[in-house]
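Content type mmCIF, C-alpha atoms and all ligand atoms, from the file entry_30.cif:
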```
data_entry
#
loop_
_atom_site.label_atom_id
_atom_site.label_comp_id
_atom_site.auth_asym_id
_atom_site.auth_seq_id
_atom_site.Cartn_x
_atom_site.Cartn_y
_atom_site.Cartn_z
CA MET A 1 -12.88 32.12 -3.54
CA PRO A 2 -14.37 30.53 -6.66
CA GLN A 3 -16.30 27.38 -5.83
CA ASP A 4 -13.95 24.92 -7.51
CA THR A 5 -10.91 26.47 -5.86
CA GLU A 6 -12.64 26.13 -2.50
CA LEU A 7 -13.44 22.49 -3.24
CA ALA A 8 -9.85 21.81 -4.28
CA ARG A 9 -8.60 23.45 -1.10
CA ARG A 10 -10.89 21.30 1.03
CA LEU A 11 -9.89 18.11 -0.79
CA GLN A 12 -6.26 18.95 -0.23
CA ALA A 13 -6.86 19.64 3.47
CA VAL A 14 -8.73 16.35 3.98
CA THR A 15 -6.08 14.40 2.08
CA LEU A 16 -3.40 15.97 4.26
CA ARG A 17 -5.31 15.09 7.46
CA ILE A 18 -5.60 11.48 6.29
CA VAL A 19 -1.95 11.19 5.32
CA ASN A 20 -0.77 12.78 8.56
CA ALA A 21 -2.99 10.63 10.73
CA ALA A 22 -1.82 7.48 8.95
CA ARG A 23 1.82 8.48 9.30
CA HIS A 24 1.29 9.24 12.98
CA ALA A 25 -0.34 5.84 13.50
CA ASP A 26 2.29 4.11 11.35
CA ARG A 27 -0.46 2.62 9.17
CA PRO A 28 -1.23 2.73 5.44
CA ALA A 29 -3.40 5.73 4.51
CA PRO A 30 -7.07 4.70 4.27
CA ALA A 31 -9.19 5.29 1.18
CA LEU A 32 -11.45 8.34 1.06
CA LEU A 33 -15.18 7.97 0.59
CA ALA A 34 -16.70 11.34 -0.31
CA VAL A 35 -20.19 11.58 1.20
CA GLY A 36 -22.49 13.41 -1.19
CA LYS A 37 -25.80 13.44 0.65
CA THR A 38 -27.75 16.65 -0.10
CA ARG A 39 -25.16 17.51 -2.82
CA ASP A 40 -26.26 17.59 -6.42
CA ALA A 41 -24.68 15.69 -9.30
CA GLY A 42 -22.78 18.81 -10.41
CA GLU A 43 -20.99 19.12 -7.07
CA ILE A 44 -20.11 15.44 -7.06
CA ASP A 45 -18.91 15.70 -10.65
CA ALA A 46 -16.65 18.63 -9.74
CA LEU A 47 -15.06 16.70 -6.88
CA CYS A 48 -14.70 13.61 -9.04
CA ALA A 49 -12.89 15.67 -11.70
CA LEU A 50 -10.45 16.93 -9.08
CA ARG A 51 -9.80 13.41 -7.84
CA ILE A 52 -9.17 12.18 -11.39
CA ALA A 53 -6.75 15.08 -11.93
CA LEU A 54 -4.90 13.95 -8.79
CA GLY A 55 -4.48 10.51 -10.31
CA GLU A 56 -7.26 8.45 -8.74
CA ALA A 57 -8.38 5.87 -11.27
CA ARG A 58 -11.66 5.26 -9.45
CA SER A 59 -13.07 7.36 -6.65
CA GLY A 60 -15.46 6.32 -3.93
CA PHE A 61 -18.64 8.29 -3.30
CA GLY A 62 -21.19 7.54 -0.58
CA GLU A 63 -24.92 8.15 -0.57
CA ASN A 64 -27.44 7.81 2.26
CA TYR A 65 -30.72 7.54 0.40
CA VAL A 66 -31.41 5.11 -2.43
CA GLN A 67 -33.94 7.42 -4.07
CA GLU A 68 -31.66 10.47 -3.95
CA ALA A 69 -28.73 8.44 -5.24
CA ALA A 70 -30.57 7.00 -8.24
CA GLY A 71 -30.63 10.26 -10.19
CA LYS A 72 -27.01 11.08 -9.40
CA ILE A 73 -25.76 7.63 -10.36
CA GLU A 74 -27.56 7.92 -13.68
CA ALA A 75 -26.31 11.46 -14.33
CA LEU A 76 -22.72 10.45 -13.55
CA ALA A 77 -22.78 7.06 -15.28
CA ASN A 78 -19.72 7.89 -17.40
CA ARG A 79 -17.58 8.87 -14.39
CA PRO A 80 -15.16 6.34 -12.83
CA ILE A 81 -17.03 6.25 -9.51
CA GLU A 82 -17.60 3.43 -7.04
CA TRP A 83 -20.94 4.08 -5.37
CA HIS A 84 -21.43 3.10 -1.73
CA LEU A 85 -24.74 3.02 0.09
CA ILE A 86 -24.00 4.23 3.63
CA GLY A 87 -27.53 5.02 4.86
CA HIS A 88 -30.03 2.70 6.49
CA LEU A 89 -31.54 0.33 3.93
CA GLN A 90 -35.22 -0.55 4.13
CA SER A 91 -36.05 -4.03 2.84
CA ASN A 92 -38.40 -2.66 0.20
CA LYS A 93 -35.47 -0.71 -1.32
CA ALA A 94 -33.12 -3.69 -1.44
CA ARG A 95 -33.80 -4.44 -5.09
CA GLN A 96 -33.02 -0.89 -6.19
CA ALA A 97 -29.92 -0.79 -3.99
CA ALA A 98 -28.66 -4.09 -5.44
CA GLU A 99 -29.12 -2.70 -8.95
CA LEU A 100 -27.53 0.71 -8.38
CA PHE A 101 -24.62 0.42 -5.97
CA ASP A 102 -21.16 -1.15 -6.03
CA TRP A 103 -21.10 -1.41 -2.24
CA VAL A 104 -23.72 -1.62 0.50
CA GLN A 105 -22.18 -0.72 3.88
CA THR A 106 -25.31 -0.99 6.01
CA ILE A 107 -26.22 -4.67 6.12
CA ASP A 108 -27.50 -5.32 9.63
CA ARG A 109 -29.99 -8.20 9.36
CA PRO A 110 -30.29 -11.56 7.57
CA LYS A 111 -33.31 -10.49 5.57
CA LEU A 112 -31.25 -7.87 3.74
CA VAL A 113 -28.55 -10.41 2.88
CA ALA A 114 -31.05 -12.61 1.08
CA ALA A 115 -32.81 -9.71 -0.66
CA LEU A 116 -29.60 -8.10 -1.93
CA ALA A 117 -28.26 -11.43 -3.20
CA ARG A 118 -31.52 -12.25 -4.95
CA HIS A 119 -31.69 -8.90 -6.72
CA ARG A 120 -28.06 -8.37 -7.70
CA PRO A 121 -28.23 -8.26 -11.53
CA PRO A 122 -26.34 -11.14 -13.19
CA ARG A 123 -24.52 -8.75 -15.57
CA ARG A 124 -22.92 -6.94 -12.64
CA ALA A 125 -19.98 -8.00 -10.46
CA PRO A 126 -20.96 -9.35 -7.05
CA LEU A 127 -22.04 -6.64 -4.62
CA ASN A 128 -19.44 -5.59 -2.05
CA ALA A 129 -20.95 -5.96 1.40
CA LEU A 130 -20.13 -4.52 4.81
CA VAL A 131 -21.85 -5.44 8.05
CA GLN A 132 -22.95 -2.35 9.98
CA VAL A 133 -22.26 -2.75 13.69
CA ASN A 134 -24.04 -0.83 16.42
CA ILE A 135 -20.86 -0.49 18.44
CA ASP A 136 -21.98 1.80 21.24
CA ASP A 137 -25.10 3.74 20.32
CA GLU A 138 -27.97 2.36 22.35
CA GLY A 139 -30.20 5.11 20.98
CA SER A 140 -29.79 3.88 17.40
CA LYS A 141 -31.91 1.10 15.96
CA HIS A 142 -29.45 0.57 13.11
CA GLY A 143 -26.52 -1.81 13.00
CA CYS A 144 -26.33 -5.33 14.39
CA ARG A 145 -25.04 -6.18 17.83
CA PRO A 146 -21.33 -7.05 17.96
CA ALA A 147 -22.26 -10.59 19.02
CA ASP A 148 -24.28 -11.02 15.81
CA VAL A 149 -21.41 -10.15 13.44
CA PRO A 150 -20.05 -13.69 12.88
CA ALA A 151 -23.41 -15.17 11.85
CA LEU A 152 -24.36 -12.26 9.62
CA ALA A 153 -20.90 -12.29 8.01
CA ALA A 154 -21.14 -16.02 7.38
CA ALA A 155 -24.52 -15.53 5.71
CA ILE A 156 -23.00 -12.93 3.37
CA ALA A 157 -19.97 -15.09 2.63
CA ALA A 158 -22.27 -17.94 1.63
CA GLU A 159 -23.94 -15.83 -1.11
CA PRO A 160 -22.14 -15.96 -4.49
CA ARG A 161 -23.73 -12.65 -5.55
CA LEU A 162 -22.23 -10.85 -2.53
CA VAL A 163 -18.62 -10.39 -1.41
CA LEU A 164 -17.98 -9.96 2.29
CA ARG A 165 -15.53 -7.04 2.54
CA GLY A 166 -15.73 -6.08 6.21
CA LEU A 167 -17.37 -3.83 8.77
CA MET A 168 -18.80 -0.34 9.10
CA ALA A 169 -19.76 1.68 12.17
CA ILE A 170 -21.06 5.10 13.14
CA PRO A 171 -20.12 5.50 16.82
CA ALA A 172 -22.39 7.66 18.97
CA PRO A 173 -21.38 11.29 18.81
CA HIS A 174 -19.37 12.13 21.89
CA PRO A 175 -17.75 15.49 22.63
CA ASP A 176 -14.70 13.71 23.98
CA PRO A 177 -12.84 12.12 21.03
CA GLY A 178 -11.16 9.74 23.47
CA ARG A 179 -14.54 8.14 24.14
CA ARG A 180 -15.06 7.58 20.43
CA ARG A 181 -11.61 6.10 20.17
CA GLY A 182 -12.77 3.34 22.52
CA ALA A 183 -15.56 2.45 20.09
CA PHE A 184 -13.11 2.49 17.17
CA ALA A 185 -10.79 0.18 19.12
CA ARG A 186 -13.63 -2.29 19.73
CA MET A 187 -14.39 -2.18 16.01
CA ARG A 188 -10.78 -3.01 15.24
CA ALA A 189 -10.94 -6.09 17.46
CA LEU A 190 -14.12 -7.26 15.72
CA TYR A 191 -12.56 -6.56 12.34
CA GLU A 192 -9.38 -8.48 13.07
CA ALA A 193 -11.36 -11.51 14.22
CA LEU A 194 -13.50 -11.33 11.08
CA ALA A 195 -10.49 -10.99 8.76
CA ALA A 196 -8.91 -14.05 10.37
CA ALA A 197 -12.02 -16.07 9.52
CA HIS A 198 -12.74 -14.67 6.01
CA PRO A 199 -9.99 -14.05 3.42
CA THR A 200 -12.11 -11.55 1.43
CA VAL A 201 -12.29 -9.11 4.36
CA ASP A 202 -10.16 -6.01 3.79
CA THR A 203 -12.32 -2.99 4.71
CA LEU A 204 -13.00 -1.27 8.01
CA SER A 205 -15.21 1.75 7.32
CA MET A 206 -15.16 4.26 10.18
CA GLY A 207 -14.31 7.90 10.82
CA MET A 208 -16.04 11.03 9.53
CA SER A 209 -15.16 14.74 9.23
CA ASP A 210 -14.63 15.38 12.92
CA ASP A 211 -13.10 12.10 14.10
CA LEU A 212 -11.17 10.62 11.20
CA GLU A 213 -7.85 10.92 13.08
CA GLN A 214 -9.14 8.73 15.93
CA ALA A 215 -10.55 6.20 13.47
CA ILE A 216 -7.31 6.02 11.50
CA ALA A 217 -5.36 5.56 14.73
CA GLU A 218 -7.48 2.43 15.30
CA GLY A 219 -7.02 1.06 11.80
CA ALA A 220 -9.78 2.45 9.56
CA THR A 221 -9.16 1.46 5.94
CA LEU A 222 -11.94 3.73 4.60
CA VAL A 223 -13.04 7.07 6.04
CA ARG A 224 -16.40 8.63 5.09
CA VAL A 225 -16.14 12.40 4.76
CA GLY A 226 -18.89 14.85 3.86
CA THR A 227 -18.75 18.22 5.60
CA ALA A 228 -14.96 18.62 5.49
CA LEU A 229 -15.06 18.18 1.68
CA PHE A 230 -18.28 19.86 0.60
CA GLY A 231 -18.83 22.34 3.44
CA PRO A 232 -21.69 22.43 5.98
CA ARG A 233 -25.00 20.81 4.96
CA GLU A 234 -28.36 22.49 5.01
CA ARG A 235 -30.63 20.77 7.55
CA ARG A 236 -33.14 18.49 5.92
C1 LIG A 301 -23.24 12.02 6.63
C2 LIG A 301 -22.45 10.78 6.90
C3 LIG A 301 -21.05 10.79 6.90
C4 LIG A 301 -20.23 12.05 6.71
O1 LIG A 301 -20.38 12.88 7.81
P1 LIG A 301 -19.58 14.26 7.92
O2 LIG A 301 -19.59 14.55 9.36
O3 LIG A 301 -20.34 15.24 7.09
O4 LIG A 301 -18.22 14.02 7.38
C5 LIG A 301 -20.40 9.58 7.10
N1 LIG A 301 -21.07 8.44 7.29
C6 LIG A 301 -22.40 8.39 7.30
C7 LIG A 301 -23.08 7.09 7.52
C8 LIG A 301 -23.14 9.56 7.11
O5 LIG A 301 -24.48 9.51 7.13
#
```
Give the structure from the file, written as structure tokens.
Ligand SMILES: *Cc1c(COP(=O)(O)O)cnc(C)c1O
Amino acid sequence: MPQDTELARRLQAVTLRIVNAARHADRPAPALLAVGKTRDAGEIDALCALRIALGEARSGFGENYVQEAAGKIEALANRPIEWHLIGHLQSNKARQAAELFDWVQTIDRPKLVAALARHRPPRRAPLNALVQVNIDDEGSKHGCRPADVPALAAAIAAEPRLVLRGLMAIPAPHPDPGRRRGAFARMRALYEALAAAHPTVDTLSMGMSDDLEQAIAEGATLVRVGTALFGPRERR
């Protein structure tokens, strides 16, 4: 199959999975964040063109590495894309992240809140911010503890150059999807408590290629999908 036809077929399949899962859960369909790590600007451009043709005014794309994203964001500057940083953010990259992205999903410590707010350029809209929660992965150093969410969220909400939009999580991989569903359910409880305290909160980012149905069943409003859209990644 020609490459673009294959891409269109995958986009259609992912869209169908999302719509079906939402219908099954009796929830609104979440937004799709296309994860472009290891993909070049041409591949992202091709997917963006398909999404525009399907009527999306602005499409979300996620990147893991600030450095890798910089070139793509520049190359695709004329495309109607909202860029999300979904990879771990080192403090010394906070300035670049605040300049480049529309969203940062991986805020997990107070130091990042201050750095992102300080470096968000005045000519740009406030940066959309998600708190990354380490919901069940004791092996991961990334994400804050669930108990730390309220304080970190309050720190974000107090910064005029940031907008607190919600929470993000990457549950530990588990072969049994039911076990992941438990983590998604705990995220939903955290999210509902946060939304009750902060009127700007409207985003729960969870679910990837192999578990988006479980995440949607627990109320994901944004799913982050790489492999199911672009095909398997080369190891890096
Ligand atoms: C790579 C990545 C994804 C997408 O994963 P797939 O399994 O390829 O869909 C989602 N979220 C984060 C944070 C990622 O790093």
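Near A:Ala41, within a cut-off of 8 Å and counting only C-alpha atoms, sit the residues A:Lys72, A:Ala75, A:Leu76, with same-chain residues fewer than 5 positions away left out.
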Would you save the residues from that selection as an mmCIF file, in the coordinates of the input, using C-alpha atoms?
```cif
data_model
loop_
_atom_site.group_PDB
_atom_site.id
_atom_site.type_symbol
_atom_site.label_atom_id
_atom_site.label_comp_id
_atom_site.auth_asym_id
_atom_site.auth_seq_id
_atom_site.Cartn_x
_atom_site.Cartn_y
_atom_site.Cartn_z
ATOM 1 C CA LYS A 72 -27.010 11.080 -9.400
ATOM 2 C CA ALA A 75 -26.310 11.460 -14.330
ATOM 3 C CA LEU A 76 -22.720 10.450 -13.550
#
```
Shell of 9 Å around ligand LIG 301 (chain A) (only C-alpha atoms and all ligand atoms), written as a PyMOL selection string: chain A and resi 33-37+62-64+85-88+105-106+168-170+205-212+223-233
Residues from last step as file, C-alpha atoms, as a PDB file, in the frame of the given file:
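What ended up in out-v4.pdb:
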```pdb
ATOM      1  CA  LEU A  33     -15.180   7.970   0.590  1.00  0.00           C
ATOM      2  CA  ALA A  34     -16.700  11.340  -0.310  1.00  0.00           C
ATOM      3  CA  VAL A  35     -20.190  11.580   1.200  1.00  0.00           C
ATOM      4  CA  GLY A  36     -22.490  13.410  -1.190  1.00  0.00           C
ATOM      5  CA  LYS A  37     -25.800  13.440   0.650  1.00  0.00           C
ATOM      6  CA  GLY A  62     -21.190   7.540  -0.580  1.00  0.00           C
ATOM      7  CA  GLU A  63     -24.920   8.150  -0.570  1.00  0.00           C
ATOM      8  CA  ASN A  64     -27.440   7.810   2.260  1.00  0.00           C
ATOM      9  CA  LEU A  85     -24.740   3.020   0.090  1.00  0.00           C
ATOM     10  CA  ILE A  86     -24.000   4.230   3.630  1.00  0.00           C
ATOM     11  CA  GLY A  87     -27.530   5.020   4.860  1.00  0.00           C
ATOM     12  CA  HIS A  88     -30.030   2.700   6.490  1.00  0.00           C
ATOM     13  CA  GLN A 105     -22.180  -0.720   3.880  1.00  0.00           C
ATOM     14  CA  THR A 106     -25.310  -0.990   6.010  1.00  0.00           C
ATOM     15  CA  MET A 168     -18.800  -0.340   9.100  1.00  0.00           C
ATOM     16  CA  ALA A 169     -19.760   1.680  12.170  1.00  0.00           C
ATOM     17  CA  ILE A 170     -21.060   5.100  13.140  1.00  0.00           C
ATOM     18  CA  SER A 205     -15.210   1.750   7.320  1.00  0.00           C
ATOM     19  CA  MET A 206     -15.160   4.260  10.180  1.00  0.00           C
ATOM     20  CA  GLY A 207     -14.310   7.900  10.820  1.00  0.00           C
ATOM     21  CA  MET A 208     -16.040  11.030   9.530  1.00  0.00           C
ATOM     22  CA  SER A 209     -15.160  14.740   9.230  1.00  0.00           C
ATOM     23  CA  ASP A 210     -14.630  15.380  12.920  1.00  0.00           C
ATOM     24  CA  ASP A 211     -13.100  12.100  14.100  1.00  0.00           C
ATOM     25  CA  LEU A 212     -11.170  10.620  11.200  1.00  0.00           C
ATOM     26  CA  VAL A 223     -13.040   7.070   6.040  1.00  0.00           C
ATOM     27  CA  ARG A 224     -16.400   8.630   5.090  1.00  0.00           C
ATOM     28  CA  VAL A 225     -16.140  12.400   4.760  1.00  0.00           C
ATOM     29  CA  GLY A 226     -18.890  14.850   3.860  1.00  0.00           C
ATOM     30  CA  THR A 227     -18.750  18.220   5.600  1.00  0.00           C
ATOM     31  CA  ALA A 228     -14.960  18.620   5.490  1.00  0.00           C
ATOM     32  CA  LEU A 229     -15.060  18.180   1.680  1.00  0.00           C
ATOM     33  CA  PHE A 230     -18.280  19.860   0.600  1.00  0.00           C
ATOM     34  CA  GLY A 231     -18.830  22.340   3.440  1.00  0.00           C
ATOM     35  CA  PRO A 232     -21.690  22.430   5.980  1.00  0.00           C
ATOM     36  CA  ARG A 233     -25.000  20.810   4.960  1.00  0.00           C
TER      37      ARG A 233
END
```
Kindly give the distance, in Å, that separates atom CA of A:Gly143 and atom CA of A:Pro173, rounded to a single decimal.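 Interatomic distance, atom CA of A:Gly143 to atom CA of A:Pro173: 15.2 Å.
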What does the distance between atom CA of A:Ala220 and atom CA of A:Pro175 come to in Å, to one decimal place?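 It comes out at 20.1 Å.
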Env of stretch 117-129 of chain A: 9 Å cut, atoms = all atoms listed in the file, seq-sep filter 2 positions within chain, self excluded. Answer as an MDAnalysis selection string. chainID A and resid 84 94:99 101:107 112:115 131 156 159:167
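Reported to one decimal place, the separation of atom CA of A:Leu130 from atom CA of A:Thr38 is 23.0 Å.
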Identify, on the basis of only C-alpha atoms, every residue whose closest approach to stretch 42-51 of chain A does not exceed 8 Å; exclude the query and any residue fewer than 3 positions from it along the same chain; express the result as a ChimeraX atom specification. /A:4,7-8,36,39,54-56,59,76,79,81
Per residue of stretch 172-233 of chain A within 8 Å of stretch 27-31 of chain A, what are the shortest atom pair and its distance in Å to one decimal, counting all atoms listed in the file, with rows by chain and residue number, as CSV?
```
residue,atom,partner,partner_atom,distance
A:Ile216,CA,A:Pro30,CA,7.4
A:Ala217,CA,A:Arg27,CA,8.0
A:Gly219,CA,A:Arg27,CA,7.2
A:Ala220,CA,A:Pro30,CA,6.4
A:Thr221,CA,A:Pro30,CA,4.2
A:Leu222,CA,A:Ala31,CA,4.7
A:Val223,CA,A:Ala31,CA,6.5
```
Same residues, C-alpha atoms, output as a PDB file, in the coordinates of the input:
```pdb
ATOM      1  CA  ILE A 216      -7.310   6.020  11.500  1.00  0.00           C
ATOM      2  CA  ALA A 217      -5.360   5.560  14.730  1.00  0.00           C
ATOM      3  CA  GLY A 219      -7.020   1.060  11.800  1.00  0.00           C
ATOM      4  CA  ALA A 220      -9.780   2.450   9.560  1.00  0.00           C
ATOM      5  CA  THR A 221      -9.160   1.460   5.940  1.00  0.00           C
ATOM      6  CA  LEU A 222     -11.940   3.730   4.600  1.00  0.00           C
ATOM      7  CA  VAL A 223     -13.040   7.070   6.040  1.00  0.00           C
TER       8      VAL A 223
END
```
Would you list the contacts of A:Arg188 as an NGL selection string, taking every protein, DNA or RNA residue within 7 Å and counting all atoms listed in the file, but skipping same-chain residues closer than 4 positions in sequence? :A and (184 or 192 or 218-219)
Between A:Leu116, A:Gly182, A:Ile52, A:Ala172, which residue has the minimum interatomic distance to A:Asn92, considering all atoms listed in the file?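 Counting all atoms listed in the file, the residue closest to A:Asn92 is A:Leu116.
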